[in-house]
Every structure is written in structure tokens, then in C-alpha cells.
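For reference, target-v1.tsv (TSV, C-alpha atoms and all ligand atoms):
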chain	number	residue	atom	x	y	z
A	1172	MET	CA	-62.68	49.90	69.55
A	1173	LEU	CA	-59.48	49.59	67.51
A	1174	ILE	CA	-59.30	46.46	65.36
A	1175	ASN	CA	-56.49	46.33	62.79
A	1176	LEU	CA	-57.17	43.73	60.09
A	1177	HIS	CA	-54.67	44.74	57.43
A	1178	SER	CA	-51.11	45.36	58.57
A	1179	HIS	CA	-47.80	43.99	57.27
A	1180	LEU	CA	-45.08	42.89	59.68
A	1181	GLU	CA	-42.45	44.13	57.20
A	1182	GLY	CA	-44.02	47.59	57.52
A	1183	ARG	CA	-43.80	47.72	61.31
A	1184	VAL	CA	-40.02	47.60	61.93
A	1185	ARG	CA	-38.98	50.30	64.40
A	1186	PRO	CA	-36.17	52.49	62.92
A	1187	GLU	CA	-34.23	52.23	66.20
A	1188	THR	CA	-34.49	48.43	66.04
A	1189	ALA	CA	-33.32	48.53	62.42
A	1190	MET	CA	-30.30	50.56	63.57
A	1191	GLU	CA	-29.42	48.04	66.28
A	1192	LEU	CA	-29.95	44.98	64.10
A	1193	ALA	CA	-27.90	46.52	61.29
A	1194	ALA	CA	-25.04	47.30	63.65
A	1195	SER	CA	-24.98	43.77	65.07
A	1196	ALA	CA	-25.16	42.22	61.58
A	1197	GLY	CA	-22.48	44.53	60.19
A	1198	LEU	CA	-24.88	46.05	57.64
A	1199	PRO	CA	-23.89	49.50	56.37
A	1200	GLU	CA	-25.97	52.48	57.51
A	1201	PRO	CA	-28.07	53.66	54.56
A	1202	GLU	CA	-27.61	57.23	53.36
A	1203	GLY	CA	-29.72	59.47	55.57
A	1204	GLY	CA	-30.11	56.79	58.27
A	1205	TRP	CA	-32.66	54.02	58.85
A	1206	ASP	CA	-35.53	56.40	59.57
A	1207	HIS	CA	-35.06	57.87	56.10
A	1208	ALA	CA	-34.62	54.43	54.52
A	1209	ILE	CA	-37.91	53.16	55.99
A	1210	ARG	CA	-40.15	56.24	55.97
A	1211	LEU	CA	-41.74	57.84	52.92
A	1212	THR	CA	-41.51	61.61	52.95
A	1213	GLY	CA	-44.83	61.92	51.15
A	1214	PRO	CA	-47.12	60.33	48.57
A	1215	ALA	CA	-45.27	58.44	45.84
A	1216	ASP	CA	-46.08	55.49	43.60
A	1217	LEU	CA	-46.39	51.79	44.41
A	1218	THR	CA	-42.81	51.04	43.28
A	1219	VAL	CA	-41.27	53.64	45.60
A	1220	TYR	CA	-43.64	52.58	48.36
A	1221	LEU	CA	-42.70	48.89	48.09
A	1222	ALA	CA	-38.98	49.75	47.93
A	1223	LYS	CA	-39.34	51.50	51.31
A	1224	VAL	CA	-41.05	48.41	52.74
A	1225	ALA	CA	-38.31	46.20	51.27
A	1226	SER	CA	-35.64	48.25	53.08
A	1227	THR	CA	-36.39	46.13	56.16
A	1228	TYR	CA	-36.04	42.75	54.43
A	1229	PRO	CA	-32.37	42.25	55.42
A	1230	PHE	CA	-33.51	41.99	59.05
A	1231	PHE	CA	-35.78	39.04	58.34
A	1232	GLY	CA	-32.89	36.69	57.55
A	1233	ARG	CA	-32.18	35.95	61.22
A	1234	PHE	CA	-34.88	34.22	63.22
A	1235	ASP	CA	-34.07	35.98	66.51
A	1236	SER	CA	-34.44	39.31	64.68
A	1237	VAL	CA	-37.78	38.23	63.18
A	1238	GLU	CA	-39.02	37.23	66.63
A	1239	ARG	CA	-38.02	40.61	68.05
A	1240	ILE	CA	-39.64	42.55	65.18
A	1241	ALA	CA	-42.89	40.59	65.62
A	1242	ARG	CA	-42.90	41.09	69.39
A	1243	GLU	CA	-42.27	44.82	69.05
A	1244	ALA	CA	-44.99	45.14	66.40
A	1245	VAL	CA	-47.54	43.71	68.85
A	1246	GLU	CA	-46.19	45.87	71.69
A	1247	ASP	CA	-46.43	49.01	69.54
A	1248	ALA	CA	-50.02	48.20	68.58
A	1249	ALA	CA	-50.99	47.63	72.21
A	1250	GLU	CA	-49.24	50.87	73.20
A	1251	ALA	CA	-51.35	52.67	70.56
A	1252	GLY	CA	-54.48	51.35	72.25
A	1253	LEU	CA	-55.44	48.58	69.84
A	1254	ASP	CA	-57.84	45.84	70.90
A	1255	TYR	CA	-56.73	43.30	68.28
A	1256	LEU	CA	-54.03	43.11	65.61
A	1257	GLU	CA	-53.84	40.80	62.61
A	1258	LEU	CA	-50.31	40.81	61.27
A	1259	ARG	CA	-49.46	39.47	57.82
A	1260	PHE	CA	-46.09	38.53	56.37
A	1261	GLY	CA	-44.64	36.60	53.43
A	1262	PRO	CA	-42.40	33.84	54.85
A	1263	ALA	CA	-41.10	32.63	51.47
A	1264	THR	CA	-39.54	36.07	50.91
A	1265	HIS	CA	-37.45	35.65	54.04
A	1266	ALA	CA	-36.69	31.93	54.05
A	1267	PRO	CA	-33.41	30.84	52.42
A	1268	ASP	CA	-35.31	27.95	50.78
A	1269	VAL	CA	-38.70	26.24	50.94
A	1270	GLY	CA	-37.50	24.23	53.94
A	1271	GLY	CA	-36.97	27.44	55.92
A	1272	ILE	CA	-40.58	28.64	55.66
A	1273	ASP	CA	-41.59	26.87	58.89
A	1274	ASP	CA	-38.72	28.56	60.74
A	1275	VAL	CA	-39.84	32.05	59.69
A	1276	ILE	CA	-43.43	31.33	60.75
A	1277	THR	CA	-42.19	29.86	64.05
A	1278	ALA	CA	-40.19	33.03	64.77
A	1279	VAL	CA	-43.12	35.34	63.93
A	1280	ILE	CA	-45.69	33.52	66.04
A	1281	ALA	CA	-43.24	33.22	68.96
A	1282	GLY	CA	-42.66	36.98	68.86
A	1283	MET	CA	-46.37	37.74	68.52
A	1284	ALA	CA	-47.25	35.38	71.37
A	1285	ALA	CA	-44.67	37.08	73.60
A	1286	GLY	CA	-46.06	40.49	72.67
A	1287	SER	CA	-49.64	39.43	73.33
A	1288	ALA	CA	-48.67	37.80	76.62
A	1289	SER	CA	-46.91	40.90	77.94
A	1290	THR	CA	-49.56	43.38	76.79
A	1291	GLY	CA	-52.79	41.37	77.06
A	1292	MET	CA	-53.73	42.40	73.52
A	1293	PRO	CA	-54.76	39.44	71.33
A	1294	SER	CA	-53.10	39.06	67.93
A	1295	GLY	CA	-53.16	36.64	65.02
A	1296	ALA	CA	-50.74	35.92	62.19
A	1297	VAL	CA	-51.82	35.89	58.54
A	1298	VAL	CA	-49.39	34.07	56.25
A	1299	ALA	CA	-49.12	35.64	52.81
A	1300	ALA	CA	-48.42	33.88	49.55
A	1301	LEU	CA	-46.91	36.19	46.95
A	1302	ARG	CA	-48.11	36.73	43.40
A	1303	HIS	CA	-44.61	36.60	41.90
A	1304	HIS	CA	-43.80	33.27	43.55
A	1305	ASP	CA	-44.58	30.14	41.58
A	1306	ALA	CA	-47.48	27.83	42.39
A	1307	ASP	CA	-45.23	25.21	44.06
A	1308	THR	CA	-43.66	27.78	46.40
A	1309	ASN	CA	-47.07	29.12	47.39
A	1310	LEU	CA	-48.34	25.58	47.92
A	1311	ALA	CA	-45.41	25.01	50.29
A	1312	VAL	CA	-46.27	28.28	52.07
A	1313	ALA	CA	-49.90	27.15	52.42
A	1314	ARG	CA	-48.90	23.75	53.80
A	1315	ALA	CA	-46.61	25.45	56.32
A	1316	ALA	CA	-49.39	27.88	57.32
A	1317	ALA	CA	-51.76	24.93	57.72
A	1318	ARG	CA	-49.34	23.25	60.13
A	1319	PHE	CA	-49.60	26.32	62.38
A	1320	ALA	CA	-53.39	26.68	62.16
A	1321	GLY	CA	-54.69	26.97	65.68
A	1322	SER	CA	-51.16	27.70	66.95
A	1323	GLY	CA	-50.86	31.37	66.07
A	1324	VAL	CA	-51.65	31.42	62.35
A	1325	VAL	CA	-55.24	32.48	61.71
A	1326	GLY	CA	-55.37	33.41	58.02
A	1327	PHE	CA	-53.94	33.18	54.52
A	1328	ASP	CA	-53.44	36.02	52.03
A	1329	LEU	CA	-52.13	36.72	48.54
A	1330	ALA	CA	-50.01	39.87	48.22
A	1331	GLY	CA	-47.68	41.46	45.69
A	1332	ASP	CA	-47.76	43.06	42.26
A	1333	GLU	CA	-51.28	42.63	40.92
A	1334	LEU	CA	-50.55	44.33	37.60
A	1335	ARG	CA	-47.64	42.13	36.59
A	1336	PHE	CA	-49.03	38.95	38.17
A	1337	PRO	CA	-52.83	39.11	37.86
A	1338	ARG	CA	-53.54	35.36	37.62
A	1339	LEU	CA	-55.25	33.77	40.60
A	1340	ASP	CA	-56.07	30.30	39.24
A	1341	VAL	CA	-52.42	29.22	39.50
A	1342	HIS	CA	-52.62	29.64	43.29
A	1343	ALA	CA	-55.97	27.87	43.75
A	1344	ASP	CA	-54.37	24.69	45.15
A	1345	ALA	CA	-52.49	26.67	47.81
A	1346	PHE	CA	-55.70	28.36	48.92
A	1347	ALA	CA	-57.55	25.04	48.98
A	1348	VAL	CA	-54.95	23.75	51.45
A	1349	ALA	CA	-55.33	26.89	53.58
A	1350	ARG	CA	-59.15	26.64	53.58
A	1351	ALA	CA	-59.04	22.95	54.47
A	1352	ALA	CA	-56.92	23.83	57.50
A	1353	GLY	CA	-59.64	26.23	58.67
A	1354	LEU	CA	-57.65	29.41	57.98
A	1355	GLY	CA	-59.48	32.63	57.15
A	1356	ILE	CA	-58.94	33.74	53.55
A	1357	THR	CA	-58.14	37.25	52.38
A	1358	CYS	CA	-56.56	38.49	49.15
A	1359	HIS	CA	-55.07	41.77	47.95
A	1360	ALA	CA	-57.25	42.35	44.86
A	1361	ALA	CA	-58.71	45.14	42.73
A	1362	GLU	CA	-56.00	47.26	44.35
A	1363	ALA	CA	-54.23	47.92	41.05
A	1364	GLY	CA	-56.22	45.44	38.97
A	1365	PRO	CA	-59.79	45.74	37.67
A	1366	ALA	CA	-63.04	45.58	39.67
A	1367	SER	CA	-63.66	41.98	38.61
A	1368	ALA	CA	-60.49	40.81	40.43
A	1369	ALA	CA	-62.32	40.92	43.78
A	1370	ARG	CA	-65.08	38.55	42.69
A	1371	GLU	CA	-62.46	36.30	41.08
A	1372	ALA	CA	-60.54	36.17	44.38
A	1373	ALA	CA	-63.75	35.16	46.15
A	1374	GLU	CA	-64.73	32.53	43.60
A	1375	VAL	CA	-61.31	31.08	42.74
A	1376	LEU	CA	-59.50	31.37	46.07
A	1377	GLY	CA	-62.40	31.45	48.52
A	1378	ALA	CA	-61.57	34.92	49.85
A	1379	THR	CA	-64.16	36.35	52.25
A	1380	ARG	CA	-62.11	39.52	52.71
A	1381	ILE	CA	-60.40	41.66	50.07
A	1382	GLY	CA	-57.38	43.88	50.73
A	1383	HIS	CA	-57.90	47.44	49.44
A	1384	GLY	CA	-60.30	46.59	46.57
A	1385	ALA	CA	-60.30	50.27	45.59
A	1386	HIS	CA	-61.15	49.58	41.93
A	1387	ILE	CA	-64.34	47.68	42.77
A	1388	VAL	CA	-66.20	51.00	42.76
A	1389	ASP	CA	-65.29	51.45	39.06
A	1390	ASP	CA	-67.96	48.90	38.10
A	1391	ALA	CA	-71.47	49.18	39.56
A	1392	ASN	CA	-72.28	45.52	38.87
A	1393	GLN	CA	-69.13	44.29	40.64
A	1394	LEU	CA	-69.81	46.66	43.53
A	1395	ARG	CA	-73.33	45.24	43.90
A	1396	TRP	CA	-72.02	41.68	43.76
A	1397	VAL	CA	-69.47	42.39	46.53
A	1398	ALA	CA	-72.20	43.95	48.70
A	1399	ASP	CA	-74.68	41.10	48.09
A	1400	ALA	CA	-72.05	38.43	48.72
A	1401	GLY	CA	-71.13	40.00	52.05
A	1402	ILE	CA	-67.48	40.31	51.04
A	1403	VAL	CA	-65.53	42.43	53.52
A	1404	ILE	CA	-63.21	45.14	52.19
A	1405	GLU	CA	-60.10	45.98	54.22
A	1406	VAL	CA	-59.59	49.71	53.64
A	1407	CYS	CA	-56.34	51.59	54.35
A	1408	PRO	CA	-57.00	55.18	53.14
A	1409	THR	CA	-53.64	56.78	53.96
A	1410	SER	CA	-51.72	53.90	52.44
A	1411	ASN	CA	-53.71	54.28	49.19
A	1412	TRP	CA	-52.78	57.97	49.14
A	1413	TYR	CA	-49.09	57.16	49.69
A	1414	THR	CA	-49.08	54.58	46.86
A	1415	GLY	CA	-50.60	57.16	44.53
A	1416	ALA	CA	-53.82	55.15	44.08
A	1417	ILE	CA	-55.80	58.23	45.12
A	1418	ALA	CA	-54.79	61.89	44.80
A	1419	ARG	CA	-56.16	62.84	48.22
A	1420	VAL	CA	-57.39	60.84	51.22
A	1421	ARG	CA	-60.82	62.41	50.73
A	1422	ASP	CA	-60.95	60.75	47.28
A	1423	HIS	CA	-60.89	57.29	48.92
A	1424	PRO	CA	-63.88	55.15	47.84
A	1425	ALA	CA	-64.84	54.13	51.40
A	1426	PRO	CA	-68.04	56.29	51.33
A	1427	THR	CA	-69.08	54.67	48.02
A	1428	PHE	CA	-68.59	51.23	49.57
A	1429	ARG	CA	-70.55	52.23	52.68
A	1430	ASP	CA	-73.42	53.70	50.69
A	1431	ALA	CA	-73.60	50.54	48.57
A	1432	GLY	CA	-73.90	48.42	51.71
A	1433	VAL	CA	-70.44	46.86	51.50
A	1434	ARG	CA	-69.01	45.64	54.81
A	1435	LEU	CA	-65.80	47.53	55.70
A	1436	VAL	CA	-62.92	46.99	58.11
A	1437	LEU	CA	-59.80	49.08	58.65
A	1438	GLY	CA	-56.04	48.56	58.45
A	1439	ASP	CA	-52.89	50.65	58.42
A	1440	ASP	CA	-51.03	48.49	55.84
A	1441	ASN	CA	-47.41	49.66	56.41
A	1442	PRO	CA	-47.46	52.21	59.24
A	1443	ARG	CA	-43.68	52.79	59.44
A	1444	GLN	CA	-43.61	53.80	55.77
A	1445	THR	CA	-46.60	56.16	55.92
A	1446	GLY	CA	-46.10	57.51	59.44
A	1447	THR	CA	-49.71	56.79	60.37
A	1448	ASP	CA	-51.32	53.95	62.27
A	1449	LEU	CA	-54.81	52.64	62.97
A	1450	ASN	CA	-55.65	55.69	65.10
A	1451	GLY	CA	-54.63	57.87	62.15
A	1452	GLU	CA	-56.70	55.81	59.70
A	1453	ARG	CA	-59.74	56.01	61.96
A	1454	ALA	CA	-59.23	59.78	62.18
A	1455	ALA	CA	-59.03	59.91	58.37
A	1456	LEU	CA	-62.41	58.18	58.14
A	1457	VAL	CA	-63.92	60.81	60.44
A	1458	ASN	CA	-62.11	63.96	59.31
A	1459	GLU	CA	-61.64	63.30	55.59
A	1460	LEU	CA	-64.39	60.84	54.68
A	1461	GLY	CA	-67.26	61.97	56.88
A	1462	TRP	CA	-67.63	58.92	59.14
A	1463	MET	CA	-70.27	59.53	61.82
A	1464	PRO	CA	-70.57	57.72	65.19
A	1465	ASP	CA	-73.06	55.22	63.71
A	1466	ASP	CA	-70.61	54.43	60.89
A	1467	LEU	CA	-67.81	53.85	63.41
A	1468	ALA	CA	-70.05	51.57	65.47
A	1469	GLU	CA	-70.82	49.56	62.33
A	1470	LEU	CA	-67.09	49.41	61.54
A	1471	ASP	CA	-66.44	47.95	65.00
A	1472	ARG	CA	-69.21	45.35	64.67
A	1473	VAL	CA	-68.06	44.24	61.22
A	1474	SER	CA	-64.41	44.19	62.32
A	1475	ILE	CA	-65.05	41.82	65.21
A	1476	ARG	CA	-67.22	39.54	63.05
A	1477	ALA	CA	-64.77	39.53	60.09
A	1478	ALA	CA	-61.59	39.08	62.14
A	1479	PHE	CA	-60.00	35.65	61.86
A	1480	LEU	CA	-60.55	35.09	65.58
A	1481	ASP	CA	-61.28	32.10	67.73
A	1482	ASP	CA	-64.79	32.09	69.18
A	1483	SER	CA	-63.86	32.98	72.74
A	1484	THR	CA	-61.76	36.02	71.77
A	1485	ARG	CA	-64.51	37.16	69.40
A	1486	ALA	CA	-67.11	36.83	72.13
A	1487	ALA	CA	-64.91	38.77	74.55
A	1488	LEU	CA	-64.51	41.63	72.05
A	1489	LEU	CA	-68.22	41.66	71.22
A	1490	ALA	CA	-69.02	41.88	74.91
A	1491	ARG	CA	-66.94	45.05	75.14
A	1492	LEU	CA	-68.86	46.87	72.39
A	1501	ZN	ZN	-51.38	45.17	52.15
Please render this file's structure as C-alpha cells.
Ligand SMILES: [Zn+2]
Amino acid sequence: MLINLHSHLEGRVRPETAMELAASAGLPEPEGGWDHAIRLTGPADLTVYLAKVASTYPFFGRFDSVERIAREAVEDAAEAGLDYLELRFGPATHAPDVGGIDDVITAVIAGMAAGSASTGMPSGAVVAALRHHDADTNLAVARAAARFAGSGVVGFDLAGDELRFPRLDVHADAFAVARAAGLGITCHAAEAGPASAAREAAEVLGATRIGHGAHIVDDANQLRWVADAGIVIEVCPTSNWYTGAIARVRDHPAPTFRDAGVRLVLGDDNPRQTGTDLNGERAALVNELGWMPDDLAELDRVSIRAAFLDDSTRAALLARL
């Protein structure tokens, strides 16, 4: 079973699509070509990593391009054998103004729906608020996401620079709107910030899933709280290596989480930047982190239960276990 619960649309742009879109938009070819502009050559730091992701942002200014990128992202995931893909994106980054947020979401869900229809692989969109955007912008993003609840948008996230923008309380109203609309709630937390950021995301924003959460293992009390509360951690081992958060994939805290009884799911974060995908991340769990068949079976069970799925799709996936 291959369930991808942490993947960014901006990190799934095909280099050949980037080349075509750049040519039609009259954008100059970057030095070394689009493959080089998008792909990291090896582990770096978060700044370099995010700059590589941002290389694709110019393509998100046209809605037909966004629709194509979203459709191809779903097609690529299905081609790789995935059973379900949750795809997150930050519409306020790509909209010319607050009024354009709906248009970006419309383009993404149209592309994802086309990809799911042609491949038969279900997918769901997670709209991301961004830490460096102000509370009013993120409230507008949440209201837009709420309008698409049940029509392609399944969840709400907070992403961005946790070190420079650690405060969560300022975005509480946005998350209240998202929760009221029935959206699943996740939050990038304790990725660069301290262990306590995960519990804060759960208590202040209502997050039931935490993106990365690598620093939770630094504090035994916080780790126990996360386990007891049933909070799900979305782990992306190779991505954490490429951002420099861990020196080697085998240093990833996934085994510490598992041994503490924390529920885990898997994602590939930004596969075009790291050159790996969900198959690669699953292989990393087995080959680098010692995952046994029972651990993988538990990963599959938790993934289906923690996915922001409608009941019938969830039941269909559970039936296939
Ligand atoms: Zn992420």
C-alpha cells in the first residue's frame, strides 16, 4: 500500500513541463537548465532547499499551467503505483491578490480531478496557509479552502519558516474556519522549532497531524504527550536529510517515534527537489531505519485512518489491506 500524506504541489513540477511552460511564457532558461534549477544535487540546508522549490513558482501565475502541473502530479503518483495522494499547496503565494485565491484552488482541484479520473487513483487537496503571511491573508485562505470543502479540498495546513515565524496563535481564527468547514487539520511543526511546537499546534490550531515533527523526540515529556494524544506524525526521511535536519537518513527519529507508540504516516515532501518519491521513502524506512513487515503493515493501517478521506474511499482502501 502506498499512501502519500505529505507532498507539496510546488515540489512536483516535471522539469520537461517547466521547460515547455517557460518557453511559452518567454521566461529565460536558467543556467544549467530547468532540471538543475529544480533538483538538489545533494543535502544542503533549508534555505537552499526552499530556493529550489521556489524555482517553480513562476509557473503558478497562470491558471492553465497550475491545472496542468496538478494533473501531472497526480498522474506521476499513479504511475509510481500510489494508492492515494494528498497534495498541499499555498494558494496565497501564487494569487496576484486575495481575490485570486479561489482561482488558484479551482485550477489545482480541476487538475487533480482530471488526474484522478484518468488514472483511477484518488487524491485530495490540502490548502496551506503560510507562516510569513499575515493573519488576514491566512483567514482569507481558510475561507477559500472552506468554500471548496467536499469539492476537492480535504485539509488545511500551515507551512513555511518556523524559526522566523514561530507564532501559531495569530492564525487560530483561520484554523477555526477550516475546522468548522470539516477540513482535516495538519501543521508543519517541531520541524525547525522546539518539541513543544507540536503540542501547541494541536491545542491552538486543532492539528491532528504534524508535518515532520522531528524535534519532538528531543523532549521525552512532549514525545509521550504526542503518543498519548494519538497525534499522527508525517515523516519524510529523505527530505529531512536534504534540508540538513539530519546528517544521515539512518539518523531520522522515526524509530524513536515508533518505539514510543507514536502513530506515523509517510510523505515525500518535495520529490522533484530530492529525486526520491514515496517508493524511495518506504525503501528508506526498510533499508536505513529497520522497518519490518509488521511496521509497514501498521504504517498502512495508520495512513488510511489518518488520511483526510471521505468514508467510502477510506473503506475501499481498508478493504484492500
Ligand atoms: Zn512539507
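Closest approach to A:Leu1253 from the set A:Met1292, A:Ala1418, A:Ala1352, A:Val1375 is made by A:Met1292, with distances taken over all atoms listed in the file.
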Within 7 Å of ligand ZN 1501 (chain A) (counting all atoms listed in the file), which residues show up? I'd like them as a PyMOL selection string.
chain A and resi 1177-1179+1330+1359+1382+1440
Quick one: residues within 12 Å of stretch 1338-1349 of chain A, all atoms listed in the file, excluding same-chain residues fewer than 2 positions away - as number ranges by chain?
A: 1297-1320, 1324-1336, 1351-1360, 1364, 1367-1378
Skip stretch 1470-1480 of chain A itself and residues of its chain fewer than 4 positions away, then list as a ChimeraX atom specification all residues within 8 Å of it, counting only C-alpha atoms.
/A:1172-1174,1176,1257,1295,1325-1326,1354-1355,1380,1403,1434-1437,1466,1484-1485,1488-1489,1492
For stretch 1429-1453 of chain A against stretch 1389-1397 of chain A, with a cut-off of 12 Å and counting all atoms listed in the file, what is the closest atom pair and its distance in Å to one decimal for every residue that makes the cut, ordered by chain and number, as CSV?
residue,atom,partner,partner_atom,distance
A:Arg1429,CA,A:Leu1394,CA,10.7
A:Asp1430,CA,A:Leu1394,CA,10.7
A:Ala1431,CA,A:Arg1395,CA,7.1
A:Gly1432,CA,A:Arg1395,CA,8.5
A:Val1433,CA,A:Val1397,CA,6.8
A:Arg1434,CA,A:Val1397,CA,8.9
A:Leu1435,CA,A:Val1397,CA,11.1
Which residues are close to A:Glu1246, i.e. within 9 Å by only C-alpha atoms, leaving aside same-chain residues fewer than 4 positions away? Reply as a list in words.
Ala1241, Arg1242, Glu1250, Ala1251, Met1283, Gly1286, Ser1287, Ser1289, Thr1290 and Met1292 of chain A
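The closest residue to A:Ala1363, picked from A:Val1406, A:Leu1217, A:Ile1272, A:Val1224 and counting only C-alpha atoms, is A:Leu1217.
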One decimal place gives the atom CA of A:His1383-atom CA of A:Asp1439 separation as 10.8 Å
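Atom CA of A:Lys1223 sits 13.2 Å away from atom CA of A:Gly1203.
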By how many Å are atom CA of A:Gly1323 and atom CA of A:Glu1181 apart?
17.7 Å
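Of the residues listed (A:Gly1182, A:Gly1252, A:Pro1337, A:Gly1232), A:Gly1182 shows the shortest atom-to-atom separation from A:Ser1410; distances use all atoms listed in the file.
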A:Asp1206 environment, 12 Å, only C-alpha atoms, sequence neighbours closer than 6 positions dropped, as a ChimeraX atom specification:
/A:1184-1190,1200,1212,1223-1224,1226-1227,1443-1446
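Compared by their closest atoms to A:Arg1259, and using all atoms listed in the file, the residues A:Leu1467, A:Val1420, A:Ala1284, A:Ala1296 rank with A:Ala1296 nearest.
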